[in-house]
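Source file: structure-v6.cif; contents: mmCIF, C-alpha atoms.
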```
data_my_file
#
loop_
_atom_site.label_atom_id
_atom_site.label_comp_id
_atom_site.auth_asym_id
_atom_site.auth_seq_id
_atom_site.Cartn_x
_atom_site.Cartn_y
_atom_site.Cartn_z
CA MET N 1 115.56 150.97 136.66
CA ALA N 2 117.47 147.91 135.51
CA LYS N 3 114.15 146.15 134.82
CA GLN N 4 112.94 149.11 132.75
CA LYS N 5 116.09 149.00 130.61
CA SER N 6 115.59 145.28 129.93
CA SER N 7 111.98 145.89 128.80
CA PHE N 8 113.17 148.75 126.60
CA SER N 9 115.70 146.50 124.82
CA PHE N 10 113.06 143.85 124.27
CA THR N 11 110.53 146.22 122.66
CA LYS N 12 113.15 148.16 120.78
CA TYR N 13 115.15 145.31 119.29
CA LEU N 14 113.84 141.84 119.87
CA LEU N 15 110.13 142.38 119.33
CA PRO N 16 110.49 144.15 115.95
CA ILE N 17 112.78 141.36 114.77
CA LEU N 18 110.24 138.75 115.86
CA VAL N 19 107.41 140.62 114.13
CA ALA N 20 109.43 140.91 110.91
CA ALA N 21 110.32 137.22 111.00
CA LEU N 22 106.67 136.28 111.52
CA ILE N 23 105.50 138.45 108.63
CA ILE N 24 108.16 137.14 106.26
CA THR N 25 107.46 133.52 107.13
CA GLY N 26 103.69 133.84 107.17
CA GLY N 27 103.53 136.19 104.19
CA ASN N 28 105.63 133.95 102.01
CA SER N 29 103.53 130.92 102.75
CA ILE N 30 100.33 132.85 102.01
CA LEU N 31 101.50 134.53 98.83
CA LYS N 32 103.41 131.64 97.31
CA ASP N 33 101.55 129.10 95.20
CA ASN N 34 100.24 126.34 97.33
CA PRO N 35 102.87 123.60 96.93
CA ASN N 36 100.08 121.05 96.75
CA CYS N 37 98.58 122.73 93.71
CA ALA N 38 99.92 123.09 90.19
CA ASN N 39 97.06 125.26 88.90
CA SER N 40 95.85 127.67 91.53
CA PHE N 41 92.32 128.12 90.09
CA THR N 42 91.43 124.67 88.85
CA CYS N 43 93.30 122.84 91.61
CA LYS N 44 90.42 122.88 94.02
CA GLY N 45 87.80 123.06 91.31
CA ASP N 46 86.83 120.60 88.68
CA LEU N 47 89.47 118.04 87.73
CA SER N 48 87.30 116.31 85.19
CA LEU N 49 87.03 115.66 81.48
CA LYS N 50 86.29 118.87 79.60
CA VAL N 51 86.10 119.36 75.86
CA GLU N 52 85.66 123.00 74.83
CA ASN N 53 86.38 123.19 71.14
CA ASP N 54 85.07 126.73 70.67
CA ALA N 55 87.02 128.22 73.57
CA VAL N 56 90.30 130.10 73.28
CA GLY N 57 93.12 129.99 75.77
CA ILE N 58 95.10 132.75 77.45
CA PHE N 59 98.79 132.39 78.14
CA GLN N 60 101.25 135.18 78.94
CA GLY N 61 98.58 137.73 78.14
CA ARG N 62 98.10 136.37 74.63
CA THR N 63 95.37 134.38 73.03
CA VAL N 64 96.19 130.82 72.04
CA ILE N 65 94.05 128.49 69.97
CA PRO N 66 93.68 125.05 71.55
CA PRO N 67 93.59 121.90 69.45
CA LYS N 68 90.17 120.47 68.67
CA VAL N 69 89.32 117.34 70.60
CA ASP N 70 86.92 114.80 69.12
CA LEU N 71 86.09 112.05 71.55
CA ALA N 72 84.19 110.20 68.83
CA ILE N 73 87.39 109.52 66.95
CA GLY N 74 89.07 106.36 68.13
CA GLU N 75 92.00 107.53 70.20
CA LYS N 76 93.64 104.16 70.42
CA ALA N 77 96.71 104.11 68.25
CA THR N 78 97.45 101.21 65.97
CA SER N 79 100.87 100.99 67.56
CA VAL N 80 101.21 101.51 71.29
CA LEU N 81 104.52 101.91 73.11
CA GLY N 82 105.88 98.60 74.29
CA ASP N 83 103.44 96.44 72.33
CA SER N 84 106.29 94.47 70.83
CA ILE N 85 107.79 93.45 74.17
CA PRO N 86 106.45 91.14 76.87
CA SER N 87 103.87 92.62 79.19
CA SER N 88 105.39 93.62 82.51
CA ASP N 89 105.31 96.37 85.13
CA LYS N 90 105.27 99.91 83.84
CA HIS N 91 106.99 102.87 85.46
CA ILE N 92 107.41 106.52 84.50
CA TYR N 93 110.43 108.47 85.77
CA ILE N 94 110.85 112.25 85.58
CA ASP N 95 114.38 113.62 85.87
CA LEU N 96 114.08 117.27 86.92
CA SER N 97 117.80 117.94 86.47
CA THR N 98 117.77 117.05 82.77
CA GLN N 99 114.09 117.84 82.16
CA SER N 100 113.60 114.36 80.76
CA LEU N 101 110.95 111.68 80.99
CA TYR N 102 111.61 107.96 80.79
CA ALA N 103 108.97 105.26 80.47
CA TYR N 104 109.92 101.68 81.32
CA GLN N 105 108.11 98.44 80.72
CA GLY N 106 109.97 95.98 82.88
CA GLU N 107 113.64 96.59 82.13
CA THR N 108 112.94 97.98 78.69
CA LYS N 109 112.88 101.71 78.07
CA VAL N 110 109.97 102.38 75.76
CA MET N 111 110.15 106.16 75.73
CA GLN N 112 112.60 108.97 76.44
CA THR N 113 111.79 112.57 75.72
CA LEU N 114 112.24 116.14 76.95
CA ILE N 115 109.65 117.72 79.21
CA SER N 116 109.05 121.04 80.96
CA SER N 117 108.45 120.80 84.68
CA GLY N 118 107.44 123.66 86.96
CA LYS N 119 109.62 126.75 87.07
CA TRP N 120 107.98 128.91 89.71
CA GLY N 121 105.76 126.20 91.09
CA ARG N 122 108.23 123.38 91.44
CA THR N 123 107.10 119.90 90.51
CA PRO N 124 107.15 117.90 93.77
CA THR N 125 109.53 114.98 93.99
CA GLY N 126 108.18 111.69 95.29
CA ASN N 127 106.67 108.39 94.23
CA PHE N 128 103.10 108.49 92.97
CA ASN N 129 100.60 106.63 90.85
CA ILE N 130 98.43 108.00 88.08
CA TRP N 131 95.10 108.53 89.81
CA THR N 132 93.11 109.56 86.76
CA LYS N 133 93.50 109.93 83.02
CA LEU N 134 91.59 112.62 81.12
CA ARG N 135 91.62 113.01 77.35
CA SER N 136 91.17 116.75 77.86
CA THR N 137 90.54 119.30 80.60
CA ARG N 138 90.87 122.99 81.45
CA MET N 139 93.74 124.33 83.55
CA SER N 140 93.98 127.84 84.93
CA GLY N 141 95.91 129.76 87.54
CA GLY N 142 98.56 132.41 88.10
CA SER N 143 97.97 136.15 88.23
CA GLY N 144 98.92 139.28 86.32
CA ASN N 145 101.11 138.53 83.33
CA ASP N 146 101.48 135.04 84.71
CA TYR N 147 97.73 134.35 84.43
CA TYR N 148 96.76 131.45 82.21
CA ASN N 149 93.50 129.81 81.32
CA LEU N 150 93.84 126.89 78.95
CA PRO N 151 90.98 124.77 77.67
CA ASN N 152 91.44 121.41 75.96
CA VAL N 153 94.72 120.58 77.68
CA PRO N 154 95.27 117.18 76.08
CA TYR N 155 96.22 113.77 77.45
CA VAL N 156 96.21 114.57 81.15
CA MET N 157 97.46 112.01 83.66
CA TYR N 158 97.19 113.34 87.21
CA PHE N 159 99.54 111.69 89.68
CA TYR N 160 99.53 113.95 92.78
CA ASN N 161 96.58 116.23 93.47
CA ASP N 162 96.42 118.32 90.30
CA PHE N 163 100.04 117.75 89.36
CA GLY N 164 99.97 115.78 86.16
CA LEU N 165 101.63 114.78 82.94
CA HIS N 166 99.96 116.36 79.92
CA GLY N 167 100.42 117.71 76.43
CA ALA N 168 101.16 121.43 76.05
CA TYR N 169 100.01 123.23 72.89
CA TRP N 170 100.90 126.76 74.03
CA HIS N 171 104.71 126.51 74.09
CA ASN N 172 107.51 124.48 72.58
CA ASN N 173 110.36 124.92 75.00
CA PHE N 174 110.82 121.39 76.21
CA GLY N 175 114.02 120.55 78.00
CA HIS N 176 113.59 123.73 80.05
CA THR N 177 111.38 124.53 83.03
CA MET N 178 108.27 126.57 82.32
CA ARG N 179 105.49 128.07 84.37
CA HIS N 180 103.80 125.91 86.97
CA GLY N 181 104.16 122.51 88.55
CA CYS N 182 102.77 120.09 85.99
CA VAL N 183 104.96 118.08 83.66
CA ASN N 184 104.44 119.46 80.14
CA MET N 185 105.12 117.26 77.14
CA ARG N 186 104.84 117.65 73.40
CA GLN N 187 101.34 116.60 72.39
CA VAL N 188 102.73 113.83 70.23
CA ASP N 189 104.67 112.41 73.20
CA ALA N 190 101.80 112.90 75.64
CA LYS N 191 99.49 110.98 73.31
CA SER N 192 101.88 108.02 73.12
CA LEU N 193 102.36 107.98 76.88
CA PHE N 194 98.62 108.36 77.52
CA GLU N 195 97.84 105.34 75.36
CA TRP N 196 100.52 103.27 77.08
CA ALA N 197 100.08 104.24 80.74
CA ASP N 198 97.34 102.81 82.93
CA GLY N 199 94.89 104.61 85.14
CA PRO N 200 93.60 102.94 88.30
CA THR N 201 91.28 100.01 87.72
CA GLY N 202 89.39 98.18 90.45
CA LYS N 203 92.01 96.85 92.80
CA SER N 204 95.11 98.03 90.95
CA LYS N 205 96.67 101.47 91.11
CA GLY N 206 97.62 103.47 88.05
CA THR N 207 101.08 103.40 86.51
CA PRO N 208 103.73 104.52 89.03
CA VAL N 209 105.30 107.93 88.46
CA SER N 210 108.56 108.79 90.22
CA VAL N 211 109.63 112.42 90.15
CA CYS N 212 113.37 112.54 90.78
CA ASP N 213 115.88 115.31 91.30
CA SER N 214 118.08 113.11 89.15
CA PHE N 215 117.61 109.73 87.52
CA THR N 216 120.03 107.29 85.94
CA GLU N 217 118.18 103.98 85.68
CA PRO N 218 115.22 102.21 87.31
CA GLY N 219 115.86 102.05 91.04
CA LYS N 220 118.34 104.94 90.89
CA CYS N 221 116.08 107.93 91.43
CA THR N 222 117.46 110.62 93.75
CA GLN N 223 114.83 112.52 95.69
CA LYS N 224 116.20 115.10 98.13
CA ASP N 225 112.95 116.28 99.67
CA PRO N 226 110.11 114.02 98.54
CA VAL N 227 106.54 114.89 99.51
CA ASN N 228 105.74 111.28 100.31
CA MET I 1 104.48 162.04 129.38
CA THR I 2 106.36 159.57 131.55
CA ILE I 3 109.65 158.03 130.47
CA ARG I 4 107.95 154.64 130.42
CA LYS I 5 105.26 155.96 128.06
CA ALA I 6 107.88 157.44 125.74
CA ILE I 7 109.74 154.15 125.63
CA GLU I 8 106.53 152.29 124.80
CA ILE I 9 105.74 154.67 121.93
CA GLU I 10 109.27 154.34 120.63
CA GLY I 11 109.05 150.55 120.85
CA ILE I 12 105.76 150.46 118.98
CA SER I 13 107.12 152.66 116.26
CA TYR I 14 110.05 150.27 115.80
CA ILE I 15 107.63 147.37 115.52
CA VAL I 16 105.48 149.20 112.95
CA PHE I 17 108.57 150.11 110.96
CA ALA I 18 109.82 146.52 111.05
CA ALA I 19 106.39 145.23 109.99
CA LEU I 20 106.26 147.67 107.07
CA LEU I 21 109.78 146.81 105.97
CA SER I 22 109.22 143.07 106.12
CA GLY I 23 105.84 143.46 104.39
CA ILE I 24 107.52 145.23 101.49
CA PHE I 25 110.16 142.51 101.40
CA VAL I 26 107.53 139.77 101.24
CA TRP I 27 105.52 141.58 98.57
CA ASN I 28 108.59 142.16 96.45
CA ASN I 29 109.67 138.53 96.73
CA ASN I 30 106.30 137.25 95.65
CA ARG I 31 105.21 139.57 92.90
CA PRO I 32 104.82 137.87 89.53
CA SER I 33 107.82 138.20 87.27
CA LEU I 34 106.95 140.50 84.42
CA PRO I 35 108.77 141.06 81.20
CA ILE I 36 110.17 144.56 81.20
CA LEU I 37 110.27 146.89 78.23
CA PHE I 38 113.30 146.87 76.08
CA ALA I 39 115.95 149.53 76.19
CA ASN I 40 118.23 149.75 73.18
CA THR I 41 121.28 147.66 73.58
CA SER I 42 122.76 144.27 72.57
CA GLN I 43 124.95 141.39 71.10
CA THR I 44 127.48 138.35 70.54
CA ILE I 45 127.92 134.60 70.80
CA VAL I 46 128.80 131.48 72.71
CA ALA I 47 128.12 127.82 72.48
CA LEU I 48 124.82 126.17 71.95
CA SER I 49 124.72 122.46 72.38
CA PRO I 50 122.80 121.21 69.37
CA VAL I 51 120.20 118.66 70.36
CA THR I 52 120.33 116.86 67.04
CA PRO I 53 123.76 115.91 65.75
CA ARG I 54 124.37 116.76 62.10
CA VAL I 55 123.91 113.75 59.87
CA GLU I 56 123.15 113.15 56.21
CA ARG I 57 119.49 113.48 56.96
CA ALA I 58 117.86 114.73 60.14
CA SER I 59 114.31 115.65 60.96
CA GLN I 60 112.17 117.01 63.75
CA ILE I 61 108.48 116.39 64.17
CA SER I 62 106.18 119.23 65.20
CA PRO I 63 104.83 119.12 68.78
CA ASP I 64 101.42 117.91 67.59
CA GLY I 65 102.95 115.31 65.31
CA SER I 66 101.32 116.65 62.15
CA ARG I 67 104.35 118.22 60.44
CA ASN I 68 107.98 117.42 59.90
CA LEU I 69 111.09 119.52 59.33
CA ILE I 70 113.67 117.64 57.30
CA MET I 71 117.30 118.59 56.79
CA GLU I 72 119.37 116.96 54.07
CA VAL I 73 123.10 117.59 53.78
CA THR I 74 124.95 116.84 50.57
CA ASP I 75 128.73 116.58 50.43
CA ASN I 76 129.83 118.30 47.25
CA SER I 77 132.93 117.31 45.36
CA ASP I 78 134.49 120.74 45.90
CA GLY I 79 134.38 120.29 49.66
CA THR I 80 131.33 122.44 50.22
CA LEU I 81 128.09 121.30 51.80
CA THR I 82 124.61 121.88 50.47
CA TYR I 83 121.91 122.10 53.11
CA SER I 84 118.30 121.63 52.14
CA PHE I 85 115.48 122.26 54.62
CA VAL I 86 111.99 121.06 53.78
CA THR I 87 108.76 121.01 55.78
CA SER I 88 106.20 118.34 55.08
CA ASP I 89 103.01 116.89 56.44
CA SER I 90 103.25 113.67 58.42
CA SER I 91 102.73 111.51 55.33
CA GLY I 92 105.46 113.35 53.44
CA SER I 93 103.17 114.08 50.50
CA VAL I 94 103.01 117.86 50.87
CA ARG I 95 106.49 119.37 50.91
CA ASN I 96 107.69 122.97 51.06
CA GLN I 97 111.31 123.91 50.48
CA ILE I 98 112.12 126.56 53.06
CA TYR I 99 115.87 126.99 52.63
CA LEU I 100 118.63 125.80 50.33
CA ILE I 101 122.20 126.93 50.79
CA THR I 102 125.70 125.79 49.88
CA VAL I 103 128.41 126.66 52.39
CA GLN I 104 131.96 125.83 53.35
CA SER I 105 132.25 122.64 55.39
CA SER I 106 133.12 124.65 58.50
CA GLU I 107 129.67 126.24 58.51
CA LYS I 108 127.18 124.14 60.40
CA TYR I 109 123.38 123.99 60.46
CA THR I 110 121.33 121.74 62.73
CA VAL I 111 117.71 121.08 63.57
CA PRO I 112 116.77 121.68 67.23
CA PHE I 113 114.30 119.64 69.28
CA ASN I 114 112.07 122.70 69.71
CA ALA I 115 112.25 123.83 66.08
CA TRP I 116 108.52 124.25 65.49
CA SER I 117 106.40 127.08 66.83
CA PRO I 118 103.50 125.65 68.86
CA ASP I 119 101.02 126.49 66.08
CA ASN I 120 103.27 125.07 63.33
CA LYS I 121 103.48 128.44 61.54
CA TYR I 122 107.20 128.94 62.01
CA VAL I 123 110.35 126.89 62.37
CA PHE I 124 113.84 127.82 63.42
CA ILE I 125 117.12 126.10 62.66
CA TYR I 126 120.47 126.53 64.34
CA LYS I 127 123.18 128.27 62.37
CA GLY I 128 126.47 127.56 64.10
CA ASP I 129 126.53 127.28 67.85
CA ALA I 130 124.59 130.35 68.95
CA ASN I 131 122.44 131.68 66.18
CA ALA I 132 119.09 130.73 64.73
CA LEU I 133 117.28 131.45 61.49
CA VAL I 134 113.51 131.69 61.77
CA PHE I 135 111.37 130.77 58.74
CA LYS I 136 107.73 130.55 57.83
CA ALA I 137 106.89 126.87 57.63
CA THR I 138 105.26 127.38 54.24
CA GLY I 139 108.51 128.55 52.68
CA GLU I 140 107.11 132.02 52.00
CA PRO I 141 109.13 135.09 53.05
CA ILE I 142 108.76 135.77 56.75
CA THR I 143 108.47 139.50 56.13
CA GLY I 144 107.76 141.32 52.89
CA GLU I 145 111.29 140.93 51.57
CA GLU I 146 113.15 138.60 53.87
CA LEU I 147 113.05 134.84 53.64
CA TYR I 148 114.06 134.46 57.29
CA ILE I 149 114.94 136.32 60.46
CA ASP I 150 118.56 136.05 61.52
CA LEU I 151 118.28 136.18 65.31
CA GLU I 152 121.86 137.19 65.97
CA SER I 153 121.72 140.05 63.47
CA VAL I 154 118.49 141.37 64.93
CA PHE I 155 119.80 141.10 68.47
CA THR I 156 123.22 142.62 67.87
CA ALA I 157 121.62 145.57 66.11
CA LYS I 158 119.78 146.38 69.32
CA ASN I 159 122.00 145.07 72.10
CA THR I 160 125.74 145.54 72.42
CA THR I 161 126.20 144.33 75.97
CA HIS I 162 125.04 140.72 75.82
CA THR I 163 126.26 137.60 74.06
CA ILE I 164 123.82 134.94 72.88
CA LYS I 165 124.49 131.69 74.72
CA GLU I 166 121.56 129.47 73.87
CA ILE I 167 118.35 129.54 71.87
CA THR I 168 115.96 127.24 73.70
CA GLY I 169 112.56 127.21 71.97
CA TRP I 170 109.20 128.93 71.75
CA ALA I 171 107.50 130.63 74.70
CA ASP I 172 104.31 130.91 72.64
CA PRO I 173 103.40 130.82 68.93
CA ALA I 174 105.40 133.98 68.19
CA LEU I 175 108.14 134.24 70.84
CA VAL I 176 111.56 132.63 70.52
CA ILE I 177 113.39 132.31 73.85
CA PHE I 178 117.13 132.84 74.02
CA ASN I 179 119.65 133.13 76.82
CA THR I 180 122.61 135.48 76.97
CA LEU I 181 125.57 136.52 79.08
CA ASP I 182 126.65 140.08 79.65
CA GLN I 183 130.22 141.33 80.04
CA ASN I 184 130.17 140.36 83.72
CA ALA I 185 128.94 136.86 82.89
CA GLN I 186 125.49 137.67 84.25
CA LYS I 187 122.73 135.64 82.64
CA ALA I 188 119.74 137.25 80.99
CA SER I 189 116.94 135.84 78.86
CA PHE I 190 115.13 137.52 75.99
CA TRP I 191 112.27 136.92 73.62
CA LEU I 192 112.42 137.54 69.89
CA GLU I 193 108.93 138.35 68.68
CA VAL I 194 108.20 136.95 65.23
CA PRO I 195 107.66 138.50 62.73
CA SER I 196 107.92 142.02 64.26
CA LYS I 197 111.56 141.34 65.31
CA ALA I 198 111.02 143.04 68.65
CA ILE I 199 113.49 142.02 71.34
CA ILE I 200 111.92 141.71 74.76
CA PRO I 201 114.12 141.27 77.84
CA LEU I 202 112.79 139.04 80.58
CA SER I 203 113.06 139.49 84.29
CA THR I 204 113.59 135.77 84.78
CA GLN I 205 116.00 133.32 83.21
CA PHE I 206 115.09 130.31 81.17
#
```
Encoded form (structure tokens):
Amino acid sequence: MAKQKSSFSFTKYLLPILVAALIITGGNSILKDNPNCANSFTCKGDLSLKVENDAVGIFQGRTVIPPKVDLAIGEKATSVLGDSIPSSDKHIYIDLSTQSLYAYQGETKVMQTLISSGKWGRTPTGNFNIWTKLRSTRMSGGSGNDYYNLPNVPYVMYFYNDFGLHGAYWHNNFGHTMRHGCVNMRQVDAKSLFEWADGPTGKSKGTPVSVCDSFTEPGKCTQKDPVN
Amino acid sequence: MTIRKAIEIEGISYIVFAALLSGIFVWNNNRPSLPILFANTSQTIVALSPVTPRVERASQISPDGSRNLIMEVTDNSDGTLTYSFVTSDSSGSVRNQIYLITVQSSEKYTVPFNAWSPDNKYVFIYKGDANALVFKATGEPITGEELYIDLESVFTAKNTTHTIKEITGWADPALVIFNTLDQNAQKASFWLEVPSKAIIPLSTQF
């Protein structure tokens, strides 16, 4: 009898709690955006150069017109960030707490601007290197009202899977988090950074990118839960 | 039916109930945040921290770098200030006056970092600490008769329960994002749709 009562308590109380805990844990991890992806559709797809000048974008259920991209036009600016100071190591820092980006060449800060990092898909903290630079590509993901499909995303610098720095032509709310996990910049800032930063070449890695919970100066980048 | 059988059935039903409940919880936690339709309401003010400090001349480039919004402030001998807002192309050769006003020195206008709509059709400027005026970048009236949209006026006409705290920027080419507090200091974000002047409450905060 005593044994039967113990079994009864287990099925009545403990087992349902265990089942609920399993569903909540498992369900959340299935339904949430994959933390290793910024753009749920294009993440595993094609992360390559794409110029689609006749395409239109969709963002927040509305149509947006992307900027035209002409690869024939020389993209190299006459004045590149840091060209007036001695050549030395480059480093990009993202401060998630202030939604700011800092670019350093040696000890010299060559750029500081506001960005928009991920709101629902958090931009991962950690230390990375730019693994590819694309003048333009398509990014898509989300679902429902959150669905987006954006051609000609300009000046893309991927640093961790499909998490990248890039220009954003569909909003102007920098200094505040927006949709997914990439680091959005004004196109004018993204262009300057793109022309200054290095992609990987032969034996050398691309420009380092440190994503920080908070940042004060080079070497002082706080990362509470870095992915690497 | 044996007692053991009854206990088993009861146990299974508890498990099913727990699974259903937790499933609903998971679904609810993960559904995409949708803007909800507006119910008439509205209202007041708090402090915005202007990104650009007021100077004799201030400007803000458009996100694509092709346009510029320039503010010039003139100190008049009678103690008033004359504000002039002009949009221009990047070379400065094509200029459109969008706003010219003379005010008491206590009245303050500033140019925000996110002044330009993403498509360069509109600009907004800060008026005081928690209001914005939205203009067509060409200098033409934004609606048939109005030169600009006064965000605070539009909002307070429709919402009496919230106070504008911050106007942050553009969610898309026609949506201005602003943050508010209600009487219980609860935060809420809204969109102002330009030029329809619709106020759209958001289910998430910016």
Using only C-alpha atoms, which of I:Gln205, I:Gln104, I:Asn114, I:Thr74 sits nearest chain N? I:Asn114
Could you write out as a ChimeraX atom specification the residues that the PyMOL selection byres ((chain I) within 6 of (chain N)) matches in the shown file? /I:11,15,18-19,22,26,63-65,114,118,169-172
State, in Å with one decimal place, the distance from CA of Ser84 in chain N to CA of Trp196 in chain N.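 Between CA of Ser84 in chain N and CA of Trp196 in chain N the gap works out to 12.2 Å.
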Just so the selection is clear, what residues does the PyMOL selection byres ((chain I and resi 137) around 10) cover here, as number ranges by chain? I: 67-69, 86-88, 96-98, 116-117, 120-124, 134-136, 138-142
Resulting file, chosen residues, C-alpha atoms, as a JSON list (two decimals), in the coordinates of the input:
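Output file out24.json follows:
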```
[["chain", "number", "residue", "atom", "x", "y", "z"],
["I", 67, "ARG", "CA", 104.35, 118.22, 60.44],
["I", 68, "ASN", "CA", 107.98, 117.42, 59.90],
["I", 69, "LEU", "CA", 111.09, 119.52, 59.33],
["I", 86, "VAL", "CA", 111.99, 121.06, 53.78],
["I", 87, "THR", "CA", 108.76, 121.01, 55.78],
["I", 88, "SER", "CA", 106.20, 118.34, 55.08],
["I", 96, "ASN", "CA", 107.69, 122.97, 51.06],
["I", 97, "GLN", "CA", 111.31, 123.91, 50.48],
["I", 98, "ILE", "CA", 112.12, 126.56, 53.06],
["I", 116, "TRP", "CA", 108.52, 124.25, 65.49],
["I", 117, "SER", "CA", 106.40, 127.08, 66.83],
["I", 120, "ASN", "CA", 103.27, 125.07, 63.33],
["I", 121, "LYS", "CA", 103.48, 128.44, 61.54],
["I", 122, "TYR", "CA", 107.20, 128.94, 62.01],
["I", 123, "VAL", "CA", 110.35, 126.89, 62.37],
["I", 124, "PHE", "CA", 113.84, 127.82, 63.42],
["I", 134, "VAL", "CA", 113.51, 131.69, 61.77],
["I", 135, "PHE", "CA", 111.37, 130.77, 58.74],
["I", 136, "LYS", "CA", 107.73, 130.55, 57.83],
["I", 138, "THR", "CA", 105.26, 127.38, 54.24],
["I", 139, "GLY", "CA", 108.51, 128.55, 52.68],
["I", 140, "GLU", "CA", 107.11, 132.02, 52.00],
["I", 141, "PRO", "CA", 109.13, 135.09, 53.05],
["I", 142, "ILE", "CA", 108.76, 135.77, 56.75]]
```
CA of Ser84 in chain I to CA of Pro173 in chain I, straight-line distance in Å: 24.3 Å
